[in-house]
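Colleague: Got run11.cif for you, mmCIF, C-alpha atoms:
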data_query
#
loop_
_atom_site.label_atom_id
_atom_site.label_comp_id
_atom_site.auth_asym_id
_atom_site.auth_seq_id
_atom_site.Cartn_x
_atom_site.Cartn_y
_atom_site.Cartn_z
CA MET A 1 75.23 150.94 96.14
CA GLU A 2 75.03 151.24 92.36
CA THR A 3 77.80 148.62 91.99
CA GLN A 4 75.90 146.24 94.27
CA ARG A 5 72.74 146.60 92.17
CA GLU A 6 74.76 145.88 89.01
CA GLU A 7 76.28 142.75 90.60
CA ASN A 8 72.85 141.54 91.67
CA ALA A 9 71.53 142.03 88.15
CA PHE A 10 74.51 140.06 86.82
CA LEU A 11 73.82 137.17 89.22
CA ARG A 12 70.09 137.22 88.44
CA GLU A 13 70.82 136.98 84.74
CA MET A 14 73.12 133.99 85.26
CA SER A 15 70.55 132.33 87.51
CA ARG A 16 67.89 132.63 84.80
CA GLU A 17 70.22 131.09 82.25
CA LEU A 18 71.05 128.21 84.62
CA GLU A 19 67.37 127.57 85.26
CA ALA A 20 66.77 127.39 81.51
CA LEU A 21 69.48 124.72 81.31
CA ARG A 22 67.80 122.74 84.09
CA THR A 23 64.42 122.96 82.42
CA GLY A 24 65.81 121.81 79.08
CA GLY A 25 67.80 118.92 80.50
CA SER A 26 71.18 120.52 79.64
CA PHE A 27 72.34 121.49 83.14
CA ARG A 28 75.78 120.14 84.05
CA GLN A 29 77.45 119.61 87.40
CA LEU A 30 80.66 118.10 88.69
CA ARG A 31 80.42 114.55 90.03
CA GLU A 32 82.77 113.01 92.57
CA ILE A 33 83.64 109.58 91.15
CA ALA A 34 86.31 107.30 92.60
CA HIS A 35 88.09 104.94 90.23
CA GLY A 36 88.97 101.44 91.37
CA ALA A 37 90.94 98.61 89.82
CA GLY A 38 89.97 97.55 86.34
CA ALA A 39 86.76 99.14 85.10
CA GLN A 40 85.22 99.66 88.53
CA ALA A 41 84.06 103.03 89.79
CA SER A 42 82.09 104.24 92.78
CA TRP A 43 79.71 107.20 92.86
CA GLU A 44 77.55 108.34 95.72
CA GLY A 45 78.32 105.19 97.67
CA ARG A 46 77.49 102.73 94.90
CA ALA A 47 79.73 100.53 92.72
CA TYR A 48 79.43 100.65 88.92
CA ARG A 49 80.83 99.12 85.77
CA ASN A 50 82.46 102.14 84.17
CA PHE A 51 81.36 102.71 80.56
CA SER A 52 82.25 106.42 80.60
CA SER A 53 86.02 106.38 80.98
CA ASN A 54 88.60 107.15 78.31
CA ASP A 55 90.98 104.68 80.00
CA TYR A 56 90.53 102.54 76.92
CA MET A 57 93.25 100.01 77.68
CA GLY A 58 92.70 99.86 81.45
CA VAL A 59 96.18 101.28 82.09
CA GLY A 60 94.96 103.85 84.62
CA GLY A 61 93.58 101.06 86.79
CA ASN A 62 96.42 98.60 86.20
CA LEU A 63 97.78 98.14 89.73
CA ALA A 64 100.54 95.74 88.63
CA TRP A 65 102.00 98.32 86.26
CA ARG A 66 101.72 101.03 88.89
CA GLN A 67 103.63 98.91 91.41
CA ALA A 68 106.29 98.00 88.83
CA PHE A 69 106.74 101.68 87.96
CA TYR A 70 107.34 102.79 91.55
CA ALA A 71 109.59 99.77 92.23
CA GLN A 72 112.13 101.38 89.86
CA TYR A 73 112.67 104.11 92.45
CA PRO A 74 113.43 102.58 95.87
CA ASP A 75 114.37 106.04 97.15
CA ALA A 76 111.22 108.12 97.47
CA SER A 77 113.35 111.29 97.39
CA SER A 78 114.44 110.61 93.79
CA PRO A 79 114.09 113.72 91.60
CA GLU A 80 112.44 111.44 89.04
CA LEU A 81 109.42 111.28 91.34
CA ALA A 82 109.17 115.05 91.80
CA GLN A 83 105.57 116.23 91.66
CA SER A 84 106.33 119.59 90.06
CA CYS A 85 108.95 121.09 87.78
CA THR A 86 108.07 124.64 89.03
CA SER A 87 108.88 126.37 85.76
CA SER A 88 108.15 126.54 82.06
CA ARG A 89 110.16 124.31 79.74
CA LEU A 90 112.06 127.27 78.30
CA LEU A 91 113.33 128.25 81.76
CA THR A 92 114.22 125.45 84.21
CA GLY A 93 111.29 123.09 83.70
CA ASN A 94 112.74 121.00 80.87
CA THR A 95 113.83 118.11 83.11
CA PRO A 96 115.72 115.01 81.84
CA ALA A 97 112.42 113.12 81.92
CA TYR A 98 111.19 115.26 79.00
CA ARG A 99 114.16 114.26 76.84
CA ARG A 100 113.73 110.55 77.60
CA LEU A 101 110.00 110.62 76.87
CA GLU A 102 110.44 112.49 73.58
CA GLU A 103 113.20 110.06 72.57
CA THR A 104 110.84 107.14 73.24
CA LEU A 105 108.14 108.82 71.17
CA SER A 106 110.59 109.47 68.35
CA ARG A 107 111.59 105.81 68.23
CA LEU A 108 107.94 104.78 68.30
CA TYR A 109 107.24 106.94 65.23
CA GLY A 110 110.23 105.93 63.14
CA GLY A 111 112.65 108.69 64.13
CA ARG A 112 110.40 111.71 63.57
CA ALA A 113 110.65 114.58 66.06
CA ALA A 114 108.38 114.63 69.11
CA LEU A 115 107.22 117.48 71.35
CA VAL A 116 105.32 116.96 74.61
CA PHE A 117 102.53 119.35 75.68
CA ASN A 118 100.69 119.59 79.00
CA SER A 119 97.44 118.28 77.50
CA GLY A 120 95.67 117.69 74.23
CA TYR A 121 93.94 121.03 74.75
CA HIS A 122 97.32 122.76 75.11
CA ALA A 123 98.49 121.11 71.88
CA ASN A 124 95.40 122.07 69.89
CA ILE A 125 95.28 125.69 71.03
CA GLY A 126 99.01 126.07 70.43
CA ILE A 127 99.94 124.32 67.20
CA LEU A 128 97.68 125.95 64.59
CA PRO A 129 98.05 129.52 65.92
CA ALA A 130 101.84 129.07 65.88
CA LEU A 131 102.09 127.60 62.38
CA SER A 132 99.53 129.73 60.53
CA SER A 133 99.25 133.43 59.64
CA LYS A 134 96.63 135.76 58.23
CA GLU A 135 97.71 134.85 54.67
CA ASP A 136 96.78 131.20 55.29
CA LEU A 137 93.55 129.20 55.46
CA ILE A 138 92.38 126.31 57.66
CA LEU A 139 89.81 123.73 56.57
CA SER A 140 88.44 121.71 59.47
CA ASP A 141 86.02 118.80 59.79
CA LYS A 142 82.71 120.08 61.14
CA LEU A 143 82.74 117.60 64.05
CA ASN A 144 86.27 118.30 65.25
CA HIS A 145 86.77 118.59 68.99
CA ALA A 146 86.18 121.88 70.85
CA SER A 147 89.92 122.23 71.51
CA ILE A 148 90.58 122.33 67.74
CA ILE A 149 87.82 124.89 67.27
CA ASP A 150 89.24 127.05 70.06
CA GLY A 151 92.70 126.74 68.51
CA MET A 152 91.36 127.97 65.18
CA ARG A 153 89.65 130.89 66.89
CA LEU A 154 93.05 131.95 68.22
CA CYS A 155 94.56 131.93 64.74
CA ALA A 156 95.14 134.97 62.56
CA ALA A 157 94.24 132.69 59.66
CA PRO A 158 90.56 132.37 58.70
CA PHE A 159 88.98 128.94 58.84
CA ARG A 160 86.15 127.08 57.16
CA ARG A 161 84.47 123.83 58.22
CA TYR A 162 83.67 121.09 55.71
CA ARG A 163 80.82 118.64 56.22
CA HIS A 164 81.76 115.72 58.44
CA ASN A 165 83.94 113.22 56.55
CA ASP A 166 82.59 114.60 53.26
CA MET A 167 85.59 114.47 50.95
CA GLU A 168 83.65 115.79 47.95
CA HIS A 169 82.71 118.92 49.91
CA LEU A 170 86.31 119.30 51.01
CA ARG A 171 87.53 118.94 47.43
CA GLN A 172 85.10 121.65 46.32
CA LEU A 173 86.45 124.00 48.99
CA LEU A 174 90.03 123.20 48.03
CA ARG A 175 89.37 123.96 44.37
CA GLN A 176 87.59 127.18 45.28
CA LEU A 177 89.97 128.51 47.93
CA ARG A 178 93.44 127.05 47.49
CA GLY A 179 94.67 129.74 45.12
CA GLY A 180 93.83 132.56 47.51
CA CYS A 181 96.06 131.61 50.42
CA ARG A 182 99.75 131.06 51.11
CA ARG A 183 99.51 127.89 53.22
CA LEU A 184 96.45 125.70 53.57
CA PHE A 185 95.92 123.47 56.60
CA LEU A 186 93.62 120.44 56.72
CA VAL A 187 92.60 119.45 60.25
CA THR A 188 90.76 116.37 61.42
CA GLU A 189 90.43 113.92 64.25
CA SER A 190 91.25 110.33 63.37
CA VAL A 191 88.63 108.77 65.66
CA PHE A 192 85.85 111.25 66.41
CA SER A 193 85.15 111.54 70.10
CA MET A 194 81.36 111.94 70.00
CA ASP A 195 80.35 109.72 67.07
CA GLY A 196 83.08 107.09 67.37
CA ASP A 197 83.61 106.95 63.61
CA CYS A 198 86.90 107.31 61.76
CA ALA A 199 88.18 109.90 59.31
CA PRO A 200 88.95 108.80 55.74
CA LEU A 201 92.66 109.39 56.26
CA ALA A 202 93.78 107.88 52.95
CA GLU A 203 91.60 110.36 51.06
CA LEU A 204 92.74 113.24 53.25
CA VAL A 205 96.40 112.40 52.64
CA ALA A 206 95.74 112.23 48.89
CA LEU A 207 93.99 115.62 48.93
CA LYS A 208 96.69 117.28 51.01
CA GLU A 209 99.33 116.08 48.52
CA GLU A 210 97.26 117.05 45.48
CA PHE A 211 96.61 120.57 46.77
CA ASP A 212 99.96 121.08 48.56
CA ALA A 213 98.31 121.39 51.96
CA ILE A 214 99.53 120.68 55.49
CA LEU A 215 97.67 117.87 57.25
CA VAL A 216 97.16 117.96 61.03
CA VAL A 217 95.55 114.86 62.56
CA ASP A 218 94.40 114.66 66.17
CA GLU A 219 94.75 111.01 67.22
CA ALA A 220 93.57 111.56 70.81
CA HIS A 221 91.09 108.67 70.56
CA GLY A 222 93.17 106.66 68.11
CA VAL A 223 96.55 106.23 69.79
CA GLY A 224 96.80 103.29 72.14
CA VAL A 225 93.81 101.59 70.52
CA ARG A 226 94.53 101.53 66.79
CA GLY A 227 97.60 100.58 64.83
CA PRO A 228 100.72 98.52 65.55
CA GLY A 229 102.03 99.27 69.03
CA GLY A 230 99.07 101.58 69.55
CA ARG A 231 100.54 104.25 67.27
CA GLY A 232 97.11 105.24 65.98
CA LEU A 233 94.85 104.97 62.96
CA ALA A 234 97.32 106.68 60.61
CA ALA A 235 99.94 104.05 61.46
CA GLU A 236 97.36 101.29 61.04
CA LEU A 237 96.78 102.53 57.49
CA GLY A 238 100.49 103.01 56.78
CA LEU A 239 100.05 106.79 56.52
CA ALA A 240 101.67 108.16 59.69
CA GLU A 241 104.78 109.49 57.91
CA ARG A 242 102.58 111.36 55.41
CA VAL A 243 100.74 113.27 58.16
CA ASP A 244 102.55 116.56 58.72
CA VAL A 245 101.59 116.98 62.39
CA LEU A 246 100.16 114.05 64.33
CA VAL A 247 98.79 114.83 67.79
CA GLY A 248 98.36 112.14 70.43
CA THR A 249 97.39 112.20 74.08
CA PHE A 250 98.58 110.38 77.18
CA GLY A 251 95.36 111.08 79.06
CA LYS A 252 93.23 108.35 77.46
CA ALA A 253 94.48 104.93 76.32
CA PHE A 254 97.93 105.54 77.80
CA GLY A 255 96.49 106.19 81.27
CA SER A 256 98.62 109.23 82.10
CA THR A 257 98.59 113.01 81.63
CA GLY A 258 99.79 115.23 78.81
CA ALA A 259 99.95 115.06 75.03
CA TYR A 260 102.46 115.02 72.21
CA ALA A 261 102.93 116.01 68.60
CA ILE A 262 104.96 114.14 65.97
CA MET A 263 106.46 116.14 63.10
CA ASP A 264 109.57 117.17 61.17
CA PRO A 265 112.42 118.50 63.37
CA VAL A 266 112.11 121.94 61.74
CA VAL A 267 108.44 122.14 62.73
CA ARG A 268 109.35 121.11 66.28
CA GLU A 269 111.90 123.91 66.57
CA TYR A 270 109.37 126.39 65.19
CA LEU A 271 106.77 125.33 67.77
CA VAL A 272 109.28 125.61 70.63
CA ASN A 273 109.76 129.23 69.57
CA HIS A 274 106.15 130.14 68.74
CA ALA A 275 103.59 127.88 70.48
CA ARG A 276 102.29 130.04 73.31
CA SER A 277 100.59 127.15 75.11
CA LEU A 278 104.01 125.51 75.41
CA ILE A 279 106.07 128.61 76.14
CA PHE A 280 103.87 130.25 78.78
CA THR A 281 102.94 127.36 81.05
CA THR A 282 104.65 125.35 83.78
CA GLY A 283 105.93 122.00 82.56
CA LEU A 284 104.72 118.59 83.61
CA PRO A 285 106.14 116.94 86.75
CA PRO A 286 108.91 114.35 86.26
CA VAL A 287 106.80 111.65 87.92
CA VAL A 288 104.13 112.07 85.24
CA LEU A 289 106.64 112.15 82.38
CA ASN A 290 108.39 109.04 83.67
CA TRP A 291 105.08 107.20 84.05
CA SER A 292 104.17 108.06 80.44
CA ASP A 293 107.55 106.76 79.30
CA PHE A 294 107.07 103.56 81.32
CA VAL A 295 103.66 102.99 79.73
CA LEU A 296 104.95 103.54 76.18
CA ARG A 297 107.84 101.13 76.70
CA HIS A 298 105.50 98.41 78.00
CA PHE A 299 102.52 99.03 75.76
CA SER A 300 103.33 96.27 73.28
CA GLU A 301 102.44 93.81 76.05
CA LEU A 302 98.77 94.81 75.62
CA GLU A 303 98.34 93.81 71.96
CA GLY A 304 95.87 91.05 72.82
CA GLU A 305 93.83 93.39 75.02
CA ARG A 306 93.82 96.02 72.26
CA LEU A 307 92.31 93.64 69.73
CA ALA A 308 89.85 92.29 72.30
CA LEU A 309 88.68 95.85 73.06
CA LEU A 310 87.70 96.46 69.45
CA GLU A 311 85.84 93.14 69.41
CA LYS A 312 83.90 94.13 72.56
CA ALA A 313 82.90 97.40 70.89
CA ARG A 314 81.76 95.51 67.79
CA ARG A 315 79.68 93.22 69.98
CA LEU A 316 78.02 96.13 71.81
CA ARG A 317 77.03 97.77 68.52
CA GLU A 318 75.66 94.41 67.36
CA LEU A 319 73.54 94.06 70.51
CA PHE A 320 72.13 97.58 70.17
CA ARG A 321 71.32 97.17 66.50
CA GLY A 322 69.74 93.79 67.16
CA ARG A 323 67.21 95.59 69.36
CA GLY A 324 66.49 98.18 66.70
CA LEU A 325 68.44 100.93 68.49
CA SER A 326 70.32 103.63 66.61
CA THR A 327 74.06 103.46 67.12
CA GLY A 328 77.18 104.13 65.11
CA GLY A 329 80.94 104.30 65.06
CA ASP A 330 83.61 101.79 64.18
CA SER A 331 85.86 102.25 67.19
CA GLN A 332 85.90 101.70 70.94
CA ILE A 333 83.39 104.57 71.27
CA VAL A 334 79.80 103.37 70.81
CA PRO A 335 77.17 106.15 70.77
CA LEU A 336 73.57 105.19 71.53
CA MET A 337 71.60 107.88 69.74
CA VAL A 338 68.62 109.31 71.67
CA GLY A 339 67.71 112.74 70.28
CA GLU A 340 66.36 115.04 72.99
CA ASP A 341 68.42 116.08 76.02
CA ARG A 342 65.78 115.23 78.63
CA GLU A 343 65.26 111.72 77.23
CA ALA A 344 69.02 111.14 77.21
CA CYS A 345 69.11 112.10 80.90
CA ARG A 346 66.26 109.71 81.67
CA LEU A 347 67.93 106.81 79.90
CA ALA A 348 71.27 107.48 81.58
CA GLU A 349 69.59 107.34 84.98
CA ALA A 350 67.98 104.01 84.04
CA TYR A 351 71.33 102.51 83.07
CA GLN A 352 72.90 103.85 86.24
CA GLY A 353 70.14 102.15 88.21
CA ALA A 354 71.38 98.87 86.73
CA GLY A 355 74.96 99.58 87.81
CA ILE A 356 76.10 100.72 84.35
CA LEU A 357 77.92 104.05 84.57
CA VAL A 358 77.10 106.00 81.43
CA PHE A 359 76.17 109.66 81.06
CA PRO A 360 74.18 111.76 78.57
CA ILE A 361 76.06 113.77 75.97
CA ARG A 362 73.98 116.86 75.19
CA HIS A 363 74.01 120.24 73.51
CA PRO A 364 76.33 122.17 73.16
CA THR A 365 78.77 119.24 73.14
CA VAL A 366 76.71 117.82 70.27
CA PRO A 367 74.18 119.60 68.01
CA LEU A 368 70.62 120.09 69.26
CA GLY A 369 68.47 117.04 68.74
CA THR A 370 71.41 114.62 68.63
CA ALA A 371 71.83 113.83 72.34
CA ARG A 372 73.19 110.38 72.99
CA LEU A 373 74.63 108.05 75.59
CA ARG A 374 78.29 107.53 74.78
CA PHE A 375 79.61 104.13 75.78
CA SER A 376 83.40 104.41 76.03
CA LEU A 377 84.68 100.87 76.29
CA SER A 378 87.75 99.76 78.20
CA ALA A 379 89.81 96.62 77.83
CA ALA A 380 89.22 96.16 81.58
CA LEU A 381 85.50 95.54 80.98
CA SER A 382 84.59 91.87 80.76
CA ARG A 383 82.56 90.30 77.99
CA GLU A 384 79.83 89.79 80.58
CA ASP A 385 79.84 93.54 81.25
CA VAL A 386 79.32 94.19 77.55
CA GLU A 387 76.47 91.69 77.33
CA LEU A 388 74.81 93.33 80.33
CA ALA A 389 75.02 96.83 78.83
CA GLY A 390 73.91 95.69 75.38
CA GLY A 391 70.98 93.69 76.68
CA PHE A 392 69.68 96.09 79.31
CA ARG A 393 66.18 97.35 78.58
CA PRO A 394 65.42 100.57 80.47
#
I'd like the structure from this file rewritten - as structure tokens, please.
Modeller:
Amino acid sequence: METQREENAFLREMSRELEALRTGGSFRQLREIAHGAGAQASWEGRAYRNFSSNDYMGVGGNLAWRQAFYAQYPDASSPELAQSCTSSRLLTGNTPAYRRLEETLSRLYGGRAALVFNSGYHANIGILPALSSKEDLILSDKLNHASIIDGMRLCAAPFRRYRHNDMEHLRQLLRQLRGGCRRLFLVTESVFSMDGDCAPLAELVALKEEFDAILVVDEAHGVGVRGPGGRGLAAELGLAERVDVLVGTFGKAFGSTGAYAIMDPVVREYLVNHARSLIFTTGLPPVVLNWSDFVLRHFSELEGERLALLEKARRLRELFRGRGLSTGGDSQIVPLMVGEDREACRLAEAYQGAGILVFPIRHPTVPLGTARLRFSLSAALSREDVELAGGFRP
């Protein structure tokens, strides 16, 4: 009886907290959304133009590529189409598809070593804890993704956060703290997922070399969209080889599942032996690995679409600013700044009423008072779609 009373108190407490989220406009729930060809999506029986997908290059909805991929395997019983590897990579899960994919990645990045993870989250909670120790220090951009923050929390090394893209603040911290640690890690995203702006990678590379630091760059929102062959912002700037660990994802512009890290072969071997998120999880299915490899080998065919995507994002920002709206970014992510959570919810519903699928981004994903609608553009969206979204007046 006492246990039942305690459980009821626990549930009542959670219910009060959930009600507070509803009242403040911060309550979240799962939505069942079906993705169609191109940038089409359906939700609750209605068709939408999808402005909330990370399928930046339209690969996930590219039916021609999907058909060409499966046409390589006329026998449906091929082990290359297996839907599970049933083991971790260090046991029996390291299928031949892993080797082929990592070889493709290595060629793409000029012969550097590649290591595939199950997701960007797995990479970010595994890499820093494996490479750092309590004698080290991590300096992280204040707006880095939650997966990077969670990875730092798992580290024995302490961490500090420098003001977003503020290289003078970072330099001050480096001068103050570099002498007191063995290794110093600098961590940043290349394209920031909530603001859509880019890190000053040239300055970060210069600082990491000046202060003998190790630079880790998460290119989750950069690969596939920026740089030659979609290799990311660091490659676009000619800096990829000077980034110590470059993290990319397959789950966004490459339209697949999983993630990867590019590094020196010694670092790869060290991660295979120490990265817990790699060691203690079942590997990816061969069908997923082979699809990722197929996409990478064909991605150069989308160069025109890649450039057109960035132009569509530029046009959307221009339309918003022309109406006096607050926006930002210099990437395929275009945030429309709102402020309060409840107002962001209201605006999102208005856009949805016009067939434009966009959702509010609220606290705690972003700081209080900075709620926004995040327009994630896809190459599959037409110019007419962009004009509609940019000209809509809720």
Colleague: Go through the shown structure with the PyMOL selection byres ((chain A and resi 155) around 7) and write out the matching residues as a PyMOL selection string.
Modeller: chain A and resi 128-129+132+151-154+156-157
Colleague: I need the residue nearest His145 (chain A) from this list: A:Gly36, A:Gly227, A:Gly329, A:Pro364. Use all atoms listed in the file for the distance.
Modeller: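 Between A:Gly36, A:Gly227, A:Gly329, A:Pro364, the residue approaching His145 (chain A) most closely is A:Pro364.
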Colleague: Take the PyMOL selection byres ((chain A and resi 252-261) around 6), run it mentally on this structure, and tell me the resulting residues as a VMD selection string.
Modeller: chain A and resid 54 to 57 59 to 60 114 to 120 224 246 to 251 262 292
Colleague: Would you list the residues near (88.4, 113.0, 51.0) (no more than 12 Å away, in the coordinates of the file, using all atoms listed in the file) as a ChimeraX atom specification?
Modeller: /A:141,162-174,186,188,199-211
Colleague: Tell me, counting only C-alpha atoms, for each residue of region 249-295 of chain A within 9 Å of region 79-83 of chain A, which pair of atoms is nearest and how far apart they are in Å to one decimal, in rows ordered by chain and increasing number, as a tab-separated table.
Modeller:
residue	atom	partner	partner_atom	distance
A:Leu284	CA	A:Gln83	CA	8.4
A:Pro285	CA	A:Gln83	CA	5.0
A:Pro286	CA	A:Glu80	CA	5.4
A:Val287	CA	A:Leu81	CA	4.3
A:Val288	CA	A:Gln83	CA	7.8
A:Leu289	CA	A:Glu80	CA	8.9
A:Asn290	CA	A:Glu80	CA	7.1
Colleague: Between A:Gly196, A:Asp244, A:Arg89, A:Leu239, which is the closest to Leu373 (chain A) once you count all atoms listed in the file?
Modeller: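 That would be A:Gly196, the residue with the smallest distance to Leu373 (chain A).
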Colleague: Within 7 Å of (89.2, 101.9, 65.6) in the file's own coordinates, which protein, DNA or RNA residues have an atom, counting only C-alpha atoms? List them as a PyMOL selection string.
Modeller: chain A and resi 191+222+225-226+233+310+330-332
Colleague: Rank A:Pro228, A:Glu318, A:Gly180, A:Ile333 by their smallest atom-to-atom distance to Phe192 (chain A), using only C-alpha atoms, and report the top residue only.
Modeller: A:Ile333
Colleague: From the set A:Leu357, A:Cys85, A:Val216, A:Ser376, which residue has the shortest atom-to-atom contact distance to His35 (chain A), counting only C-alpha atoms?
Modeller: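 Looking at the shortest contact to His35 (chain A), the residue is A:Leu357.
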Colleague: Would you work out the distance separating CA of Leu131 (chain A) from CA of Gly179 (chain A), expressed in Å to one decimal?
Modeller: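 That distance, rounded to one decimal, is 18.9 Å.
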Colleague: Apply the PyMOL selection byres ((chain A and resi 125) around 7) to the structure shown and report the selected residues as an mmCIF file with C-alpha atoms, in the frame of the given file.
Modeller:
data_model
loop_
_atom_site.group_PDB
_atom_site.id
_atom_site.type_symbol
_atom_site.label_atom_id
_atom_site.label_comp_id
_atom_site.auth_asym_id
_atom_site.auth_seq_id
_atom_site.Cartn_x
_atom_site.Cartn_y
_atom_site.Cartn_z
ATOM 1 C CA TYR A 121 93.940 121.030 74.750
ATOM 2 C CA HIS A 122 97.320 122.760 75.110
ATOM 3 C CA ALA A 123 98.490 121.110 71.880
ATOM 4 C CA ASN A 124 95.400 122.070 69.890
ATOM 5 C CA GLY A 126 99.010 126.070 70.430
ATOM 6 C CA ILE A 127 99.940 124.320 67.200
ATOM 7 C CA LEU A 128 97.680 125.950 64.590
ATOM 8 C CA PRO A 129 98.050 129.520 65.920
ATOM 9 C CA SER A 147 89.920 122.230 71.510
ATOM 10 C CA ILE A 148 90.580 122.330 67.740
ATOM 11 C CA ASP A 150 89.240 127.050 70.060
ATOM 12 C CA GLY A 151 92.700 126.740 68.510
ATOM 13 C CA SER A 277 100.590 127.150 75.110
#
Colleague: Enter the distance from CA of Glu384 (chain A) to CA of Lys312 (chain A), in Å, rounded to one decimal.
Modeller: 10.0 Å
Colleague: One decimal, in Å: what's the spacing between CA of Leu377 (chain A) and CA of Gln67 (chain A)?
Modeller: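 CA of Leu377 (chain A) sits 24.3 Å away from CA of Gln67 (chain A).
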Colleague: Could you add N, CA and C atoms to region 116-135 of chain A and give me the result as a PDB file, keeping the file's coordinate frame?
Modeller:
ATOM      1  N   VAL A 116     106.336 117.255  73.596  1.00  0.00           N
ATOM      2  CA  VAL A 116     105.320 116.960  74.610  1.00  0.00           C
ATOM      3  C   VAL A 116     104.659 118.260  75.073  1.00  0.00           C
ATOM      4  N   PHE A 117     103.336 118.230  75.169  1.00  0.00           N
ATOM      5  CA  PHE A 117     102.530 119.350  75.680  1.00  0.00           C
ATOM      6  C   PHE A 117     101.868 118.917  76.989  1.00  0.00           C
ATOM      7  N   ASN A 118     101.330 119.892  77.707  1.00  0.00           N
ATOM      8  CA  ASN A 118     100.690 119.590  79.000  1.00  0.00           C
ATOM      9  C   ASN A 118      99.385 118.832  78.864  1.00  0.00           C
ATOM     10  N   SER A 119      98.701 118.980  77.737  1.00  0.00           N
ATOM     11  CA  SER A 119      97.440 118.280  77.500  1.00  0.00           C
ATOM     12  C   SER A 119      97.121 118.363  76.024  1.00  0.00           C
ATOM     13  N   GLY A 120      96.126 117.584  75.595  1.00  0.00           N
ATOM     14  CA  GLY A 120      95.670 117.690  74.230  1.00  0.00           C
ATOM     15  C   GLY A 120      95.107 119.075  73.937  1.00  0.00           C
ATOM     16  N   TYR A 121      94.471 119.678  74.927  1.00  0.00           N
ATOM     17  CA  TYR A 121      93.940 121.030  74.750  1.00  0.00           C
ATOM     18  C   TYR A 121      95.081 122.016  74.515  1.00  0.00           C
ATOM     19  N   HIS A 122      96.156 121.886  75.313  1.00  0.00           N
ATOM     20  CA  HIS A 122      97.320 122.760  75.110  1.00  0.00           C
ATOM     21  C   HIS A 122      97.886 122.584  73.706  1.00  0.00           C
ATOM     22  N   ALA A 123      97.952 121.352  73.231  1.00  0.00           N
ATOM     23  CA  ALA A 123      98.490 121.110  71.880  1.00  0.00           C
ATOM     24  C   ALA A 123      97.607 121.773  70.834  1.00  0.00           C
ATOM     25  N   ASN A 124      96.306 121.588  70.944  1.00  0.00           N
ATOM     26  CA  ASN A 124      95.400 122.070  69.890  1.00  0.00           C
ATOM     27  C   ASN A 124      95.194 123.574  69.903  1.00  0.00           C
ATOM     28  N   ILE A 125      95.381 124.224  71.041  1.00  0.00           N
ATOM     29  CA  ILE A 125      95.280 125.690  71.030  1.00  0.00           C
ATOM     30  C   ILE A 125      96.639 126.343  70.786  1.00  0.00           C
ATOM     31  N   GLY A 126      97.682 125.523  70.659  1.00  0.00           N
ATOM     32  CA  GLY A 126      99.010 126.070  70.430  1.00  0.00           C
ATOM     33  C   GLY A 126      99.565 125.855  69.046  1.00  0.00           C
ATOM     34  N   ILE A 127      99.274 124.698  68.442  1.00  0.00           N
ATOM     35  CA  ILE A 127      99.940 124.320  67.200  1.00  0.00           C
ATOM     36  C   ILE A 127      99.475 125.169  66.018  1.00  0.00           C
ATOM     37  N   LEU A 128      98.168 125.199  65.754  1.00  0.00           N
ATOM     38  CA  LEU A 128      97.680 125.950  64.590  1.00  0.00           C
ATOM     39  C   LEU A 128      97.952 127.448  64.694  1.00  0.00           C
ATOM     40  N   PRO A 129      97.722 128.089  65.847  1.00  0.00           N
ATOM     41  CA  PRO A 129      98.050 129.520  65.920  1.00  0.00           C
ATOM     42  C   PRO A 129      99.533 129.798  65.688  1.00  0.00           C
ATOM     43  N   ALA A 130     100.400 128.858  66.081  1.00  0.00           N
ATOM     44  CA  ALA A 130     101.840 129.070  65.880  1.00  0.00           C
ATOM     45  C   ALA A 130     102.238 128.901  64.421  1.00  0.00           C
ATOM     46  N   LEU A 131     101.648 127.931  63.732  1.00  0.00           N
ATOM     47  CA  LEU A 131     102.090 127.600  62.380  1.00  0.00           C
ATOM     48  C   LEU A 131     101.433 128.440  61.295  1.00  0.00           C
ATOM     49  N   SER A 132     100.273 129.025  61.579  1.00  0.00           N
ATOM     50  CA  SER A 132      99.530 129.730  60.530  1.00  0.00           C
ATOM     51  C   SER A 132      99.623 131.241  60.701  1.00  0.00           C
ATOM     52  N   SER A 133      99.272 131.959  59.625  1.00  0.00           N
ATOM     53  CA  SER A 133      99.250 133.430  59.640  1.00  0.00           C
ATOM     54  C   SER A 133      98.021 133.906  58.888  1.00  0.00           C
ATOM     55  N   LYS A 134      97.832 135.207  58.843  1.00  0.00           N
ATOM     56  CA  LYS A 134      96.630 135.760  58.230  1.00  0.00           C
ATOM     57  C   LYS A 134      96.578 135.511  56.724  1.00  0.00           C
ATOM     58  N   GLU A 135      97.704 135.155  56.107  1.00  0.00           N
ATOM     59  CA  GLU A 135      97.710 134.850  54.670  1.00  0.00           C
ATOM     60  C   GLU A 135      97.300 133.412  54.382  1.00  0.00           C
TER      61      GLU A 135
END
